[in-house]
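Have a look at the structure below, then the notes.
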Amino acid sequence: MLVVGGYGTVGGDLTRLAAPSWPLLLTGRTPEKGQALADEVGAEVRRWDLSDPEPFAAKARAVISTVNDPDDRVMLAAVRGGVPYVDITRWTARLQRATAVAAVNPPKAPVLLSSSWMGGVSALVTAALAAELGGASGVQIAIRYDLKDRAGTDSVEFMDRLGLDYEVTENGQRRMIMPLSDAGFVQIGAHRTKVARIDTPEQFTLPLVLGLDTAITRIGFSANSSTSTLLALKKTGFFRWGRGDAFEKTRRGMLYSPGEGGSALLRIDVRGRGGERRTAVVEDTAGQAHLTALGGLLGLRRVLGADGAKAPTGVVFPEMTPVPQDVVGALEKAGVEVTVS
């Protein structure tokens with residue numbers, strides 16, 4: 001199993017989760033940083049810098065990417081090698097591009113684009129609730145981002161997209177909206193959290209896969225004051241005029257101050273076709289990186305047909321799981337608390 005970025009913040013958690021099941025090869029720019037983890041889990045570590053034009057060759061049963069792959073090098077290598085591939089890092093535009101790239105280069109092995117929030121967990125739980133309801137017509141997802149949690153440098157990449165309008169599906173109509181619009185408070189677990197709109201891939205894929213007429217995702221931070229600060233900056237137009245490379249460090253620095261650990265917490269409200277509803281609150285006290293890594297692990301099981309169902313073919317999204325009834329149990333087995341009401 002090849003884990004690209006296998007000793008980073010998310011990659012390290014994924015490595016520890018996957019090591020009991022498969023032999024692993026970890027790659028990254030500076031393999032010496034990953035040697036201790038490789039020794040810990042009995043993995044091999046090698047250098048692969050995605051900005052390096054030199055080709056990379058390795059035998060692998062499957063490939064999962066936990067780092068940004070803007071030029072699709074990892075995906076294309078897996079597709080051309082006929083190896084199952086999972087990606088948990090793409091924002092909506094890059095996911096759409098990857099889908100187009102795969103259409104031009106038809107994969108012989110499954111390609112799972114699992115970039116919905118937390119490595120596809122938000123989409124998986126939505127699919128599970130929809131299956132309970134016998135089908136769904138809408139979903140609203142509210143995320144509480146813990147500023148005290150461990151985080152990699154790419155964890156706040158969404159800050160770079162706050163100046164770009166994006167498309168959503170609401171009431172059966174597609175329309176463009178501004179990030180950080182529709183602000184309000186949502187009770188997420190024990191926390192009254194101020195949230196606002198954010199561009200995430202499940203808002204693109206869920207209507208296509210589940211036939212939803214509405215898919216909305218909003219995010220708030222563990223300190224409501226941080227959300228209020230972003231909303232105030234939006235009013236100044238900062239995310240429009242300050243979205244170039246010159247302001248990247250400033251944008252990301254507003255939220256990138258990783259701590260020693262926190263909890264991953266999100267709420268998913270699904271509306272059935274007859275008006276009935278299900279709500280799930282998902283909490284992982286091991287943190288956001290762990291929950292994202294767990295989403296990646298479930299993705300690997302899916303492309304290998306190791307989750308109790310036949311492996312898929314072609315390009316798939318996490319909510320296309322053939323075993324939605326097993327999603328909550330798989331999360332709970334890994335220590336995640338899922339409360340459905």
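Letters A, B, ... mark the chains of the structure tokens in the order given; residue numbers begin at 1 per chain; ligand numbers begin at 1, in order shown.
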
Closest atom pairs, stretch 43-127 of chain A residues within 10 Å of stretch 277-289 of chain A, only C-alpha atoms, as CSV:
```
residue,atom,partner,partner_atom,distance
A:Trp117,CA,A:Gln288,CA,9.9
A:Met118,CA,A:Gln288,CA,7.1
A:Gly119,CA,A:Ala289,CA,9.3
A:Val121,CA,A:Val282,CA,9.2
A:Ser122,CA,A:Val282,CA,8.9
A:Val125,CA,A:Ala280,CA,7.7
A:Thr126,CA,A:Ala280,CA,8.6
```

task = Could you give me, as a list in words, the residues within 9 Å of A:Ala38, counting only C-alpha atoms and dropping anything in the same chain fewer than 2 positions from it?
result =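 Everything that qualifies: Tyr7, Thr15, Leu24, Leu25, Leu26, Gly34, Gln35, Ala36, Glu40, Val41, Gly42, Ala43, Glu44 and Val45 of chain A.
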
Would you export the selected residues with C-alpha atoms as a compact mmCIF listing (two decimals), in the first residue's frame, please?
```txt
# COMPACT_ATOMS: atom_id res chain seq x y z
CA TYR A 7 4.22 10.70 7.63
CA THR A 15 -0.35 5.01 8.43
CA LEU A 24 3.01 0.08 3.67
CA LEU A 25 5.31 2.27 1.61
CA LEU A 26 5.39 5.89 2.78
CA GLY A 34 9.25 9.69 8.31
CA GLN A 35 11.84 7.09 9.30
CA ALA A 36 10.82 6.93 12.96
CA GLU A 40 7.36 2.07 14.48
CA VAL A 41 4.87 0.38 12.14
CA GLY A 42 7.24 -1.74 10.07
CA ALA A 43 6.85 0.31 6.88
CA GLU A 44 9.27 1.38 4.16
CA VAL A 45 9.82 5.08 3.44
```

ask   = Between atom CA of A:Ala127 and atom CA of A:Ala62, what is the spacing in Å?
value =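 Separating atom CA of A:Ala62 from atom CA of A:Ala127 is a distance of 24.4 Å.
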
task = Counting only C-alpha atoms, figure out which residue out of A:Pro84, A:Gly272, A:Gly12, A:Gly172 gets nearest to A:Val316.
result = A:Pro84

query = Could you state the separation of atom CA of A:Thr30 and atom CA of A:Arg97 in Å, given to one decimal place?
reply =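 Answer for the atom CA of A:Thr30 to atom CA of A:Arg97 separation: 28.1 Å.
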
key: Contact residues around A:Ala183 with only C-alpha atoms at 9 Å, ignoring same-chain residues under 4 positions, as an MDAnalysis selection string   = chainID A and resid 194:197 218 231

I need the chosen residues saved as a compact mmCIF listing (two decimals), in the first residue's frame, with all heavy atoms.
```txt
# COMPACT_ATOMS: atom_id res chain seq x y z
N LYS A 194 -21.29 29.40 15.71
CA LYS A 194 -21.59 30.33 14.62
C LYS A 194 -20.97 29.78 13.34
O LYS A 194 -19.76 29.51 13.30
CB LYS A 194 -21.02 31.71 14.93
CG LYS A 194 -21.51 32.81 13.99
CD LYS A 194 -21.06 34.18 14.49
CE LYS A 194 -21.72 35.29 13.69
NZ LYS A 194 -21.31 36.63 14.22
N VAL A 195 -21.78 29.60 12.32
CA VAL A 195 -21.32 28.97 11.08
C VAL A 195 -21.71 29.82 9.88
O VAL A 195 -22.62 30.63 9.94
CB VAL A 195 -21.90 27.54 10.92
CG1 VAL A 195 -21.41 26.62 12.02
CG2 VAL A 195 -23.43 27.58 10.90
N ALA A 196 -21.00 29.61 8.77
CA ALA A 196 -21.29 30.29 7.52
C ALA A 196 -20.86 29.40 6.37
O ALA A 196 -20.11 28.44 6.55
CB ALA A 196 -20.56 31.64 7.46
N ARG A 197 -21.31 29.72 5.17
CA ARG A 197 -21.11 28.86 3.99
C ARG A 197 -19.63 28.70 3.66
O ARG A 197 -18.83 29.61 3.78
CB ARG A 197 -21.81 29.46 2.78
CG ARG A 197 -23.32 29.58 2.89
CD ARG A 197 -24.01 28.23 2.79
NE ARG A 197 -25.44 28.42 2.59
CZ ARG A 197 -26.07 28.22 1.43
NH1 ARG A 197 -25.41 27.78 0.38
NH2 ARG A 197 -27.37 28.43 1.34
N ARG A 218 -21.82 24.38 5.99
CA ARG A 218 -21.35 25.59 6.65
C ARG A 218 -20.31 25.21 7.70
O ARG A 218 -20.31 24.10 8.21
CB ARG A 218 -22.52 26.34 7.30
CG ARG A 218 -23.54 26.85 6.28
CD ARG A 218 -24.56 27.78 6.90
NE ARG A 218 -25.48 27.08 7.78
CZ ARG A 218 -26.36 27.69 8.58
NH1 ARG A 218 -26.40 29.02 8.62
NH2 ARG A 218 -27.17 26.98 9.35
N LEU A 231 -15.99 36.92 9.13
CA LEU A 231 -17.16 37.58 8.54
C LEU A 231 -16.92 39.08 8.41
O LEU A 231 -17.32 39.70 7.41
CB LEU A 231 -18.39 37.32 9.40
CG LEU A 231 -18.86 35.87 9.46
CD1 LEU A 231 -19.99 35.70 10.47
CD2 LEU A 231 -19.30 35.38 8.09
```

ask   = So what do you get for atom CA of A:Gly314 versus atom CA of A:Ala19, distance-wise?
value =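 These atoms are spaced 26.2 Å apart.
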
inquiry  = When DSSP is applied to the backbone of this structure, which of stretch 172-339 of chain A are assigned alpha helix (DSSP H)? Write them out as a PyMOL selection string.
reply    = chain A and resi 202-210+224-236+238-241+248-253+288-303+327-333

task = Within 12 Å of stretch 104-113 of chain A, counting only C-alpha atoms, which residues show up once you throw out same-chain ones fewer than 6 positions away? Write them as a PyMOL selection string, please.
result = chain A and resi 61-66+72+74-92+94-98+119-120+123+201-202+205+295-305+310-321

ask   = From the list A:Leu266, A:Thr292, A:Val340, A:Thr229, which residue is nearest A:Leu17 when using only C-alpha atoms?
value = A:Thr292

key: Secondary structure check, strand (DSSP E or B) residues of stretch 161-333 of chain A, as a ChimeraX atom specification   = /A:166-170,173-177,184-188,191-197,214-221,264-272,277-284,315-316

Take the residues from that selection and write them out as a PDB file, in the first residue's frame, keeping C-alpha atoms.
```
ATOM      1  CA  TYR A 166     -19.086  28.700  -5.922  1.00  0.00           C
ATOM      2  CA  GLU A 167     -22.072  26.735  -7.178  1.00  0.00           C
ATOM      3  CA  VAL A 168     -24.601  25.034  -4.921  1.00  0.00           C
ATOM      4  CA  THR A 169     -27.872  23.192  -5.418  1.00  0.00           C
ATOM      5  CA  GLU A 170     -30.822  24.538  -3.425  1.00  0.00           C
ATOM      6  CA  GLN A 173     -31.872  24.956  -8.637  1.00  0.00           C
ATOM      7  CA  ARG A 174     -28.169  25.572  -9.168  1.00  0.00           C
ATOM      8  CA  ARG A 175     -26.900  29.008  -8.212  1.00  0.00           C
ATOM      9  CA  MET A 176     -23.697  30.813  -7.335  1.00  0.00           C
ATOM     10  CA  ILE A 177     -23.158  32.003  -3.781  1.00  0.00           C
ATOM     11  CA  GLY A 184     -26.092  31.864  11.811  1.00  0.00           C
ATOM     12  CA  PHE A 185     -25.882  29.677  14.891  1.00  0.00           C
ATOM     13  CA  VAL A 186     -26.224  25.870  14.934  1.00  0.00           C
ATOM     14  CA  GLN A 187     -26.135  23.552  17.932  1.00  0.00           C
ATOM     15  CA  ILE A 188     -23.350  21.073  17.160  1.00  0.00           C
ATOM     16  CA  HIS A 191     -21.607  23.698  21.345  1.00  0.00           C
ATOM     17  CA  ARG A 192     -23.658  26.597  20.008  1.00  0.00           C
ATOM     18  CA  THR A 193     -21.523  27.386  16.996  1.00  0.00           C
ATOM     19  CA  LYS A 194     -21.590  30.333  14.623  1.00  0.00           C
ATOM     20  CA  VAL A 195     -21.319  28.969  11.082  1.00  0.00           C
ATOM     21  CA  ALA A 196     -21.294  30.294   7.520  1.00  0.00           C
ATOM     22  CA  ARG A 197     -21.107  28.864   3.993  1.00  0.00           C
ATOM     23  CA  THR A 214     -30.500  20.820  -1.588  1.00  0.00           C
ATOM     24  CA  ALA A 215     -26.974  20.365  -0.236  1.00  0.00           C
ATOM     25  CA  ILE A 216     -25.538  22.990   2.102  1.00  0.00           C
ATOM     26  CA  THR A 217     -22.305  22.934   4.127  1.00  0.00           C
ATOM     27  CA  ARG A 218     -21.349  25.594   6.647  1.00  0.00           C
ATOM     28  CA  ILE A 219     -18.345  25.900   8.941  1.00  0.00           C
ATOM     29  CA  GLY A 220     -17.634  27.600  12.235  1.00  0.00           C
ATOM     30  CA  PHE A 221     -14.698  27.638  14.598  1.00  0.00           C
ATOM     31  CA  ALA A 264     -13.537  16.748  15.326  1.00  0.00           C
ATOM     32  CA  LEU A 265     -17.225  17.616  15.474  1.00  0.00           C
ATOM     33  CA  LEU A 266     -19.906  17.923  12.816  1.00  0.00           C
ATOM     34  CA  ARG A 267     -23.664  17.768  12.510  1.00  0.00           C
ATOM     35  CA  ILE A 268     -25.519  16.327   9.531  1.00  0.00           C
ATOM     36  CA  ASP A 269     -29.247  16.943   9.016  1.00  0.00           C
ATOM     37  CA  VAL A 270     -30.886  14.867   6.278  1.00  0.00           C
ATOM     38  CA  ARG A 271     -34.437  15.428   5.043  1.00  0.00           C
ATOM     39  CA  GLY A 272     -36.306  12.459   3.613  1.00  0.00           C
ATOM     40  CA  ARG A 277     -35.659  13.816   9.124  1.00  0.00           C
ATOM     41  CA  ARG A 278     -32.543  12.242  10.613  1.00  0.00           C
ATOM     42  CA  THR A 279     -29.763  14.091  12.418  1.00  0.00           C
ATOM     43  CA  ALA A 280     -26.321  12.703  13.161  1.00  0.00           C
ATOM     44  CA  VAL A 281     -23.717  14.337  15.390  1.00  0.00           C
ATOM     45  CA  VAL A 282     -20.261  12.914  14.686  1.00  0.00           C
ATOM     46  CA  GLU A 283     -17.490  13.444  17.238  1.00  0.00           C
ATOM     47  CA  ASP A 284     -13.959  12.123  17.195  1.00  0.00           C
ATOM     48  CA  VAL A 315     -14.563   6.941 -10.771  1.00  0.00           C
ATOM     49  CA  VAL A 316     -16.638   6.876  -7.597  1.00  0.00           C
TER      50      VAL A 316
END
```

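With only C-alpha atoms as the basis for measurement, A:Ala93 is the residue among A:Thr99, A:Leu331, A:Ala93, A:Leu294 that approaches A:Thr200 most closely.
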
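With only C-alpha atoms as the atoms that count, the minimum distance from A:Asn171 to the choices A:Leu37, A:Val139, A:Leu124, A:Val4 is reached by A:Val139.
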
query = From the list A:Trp48, A:Gly134, A:Ala293, A:Leu206, which residue is nearest A:Ala334 when using only C-alpha atoms?
reply = A:Ala293
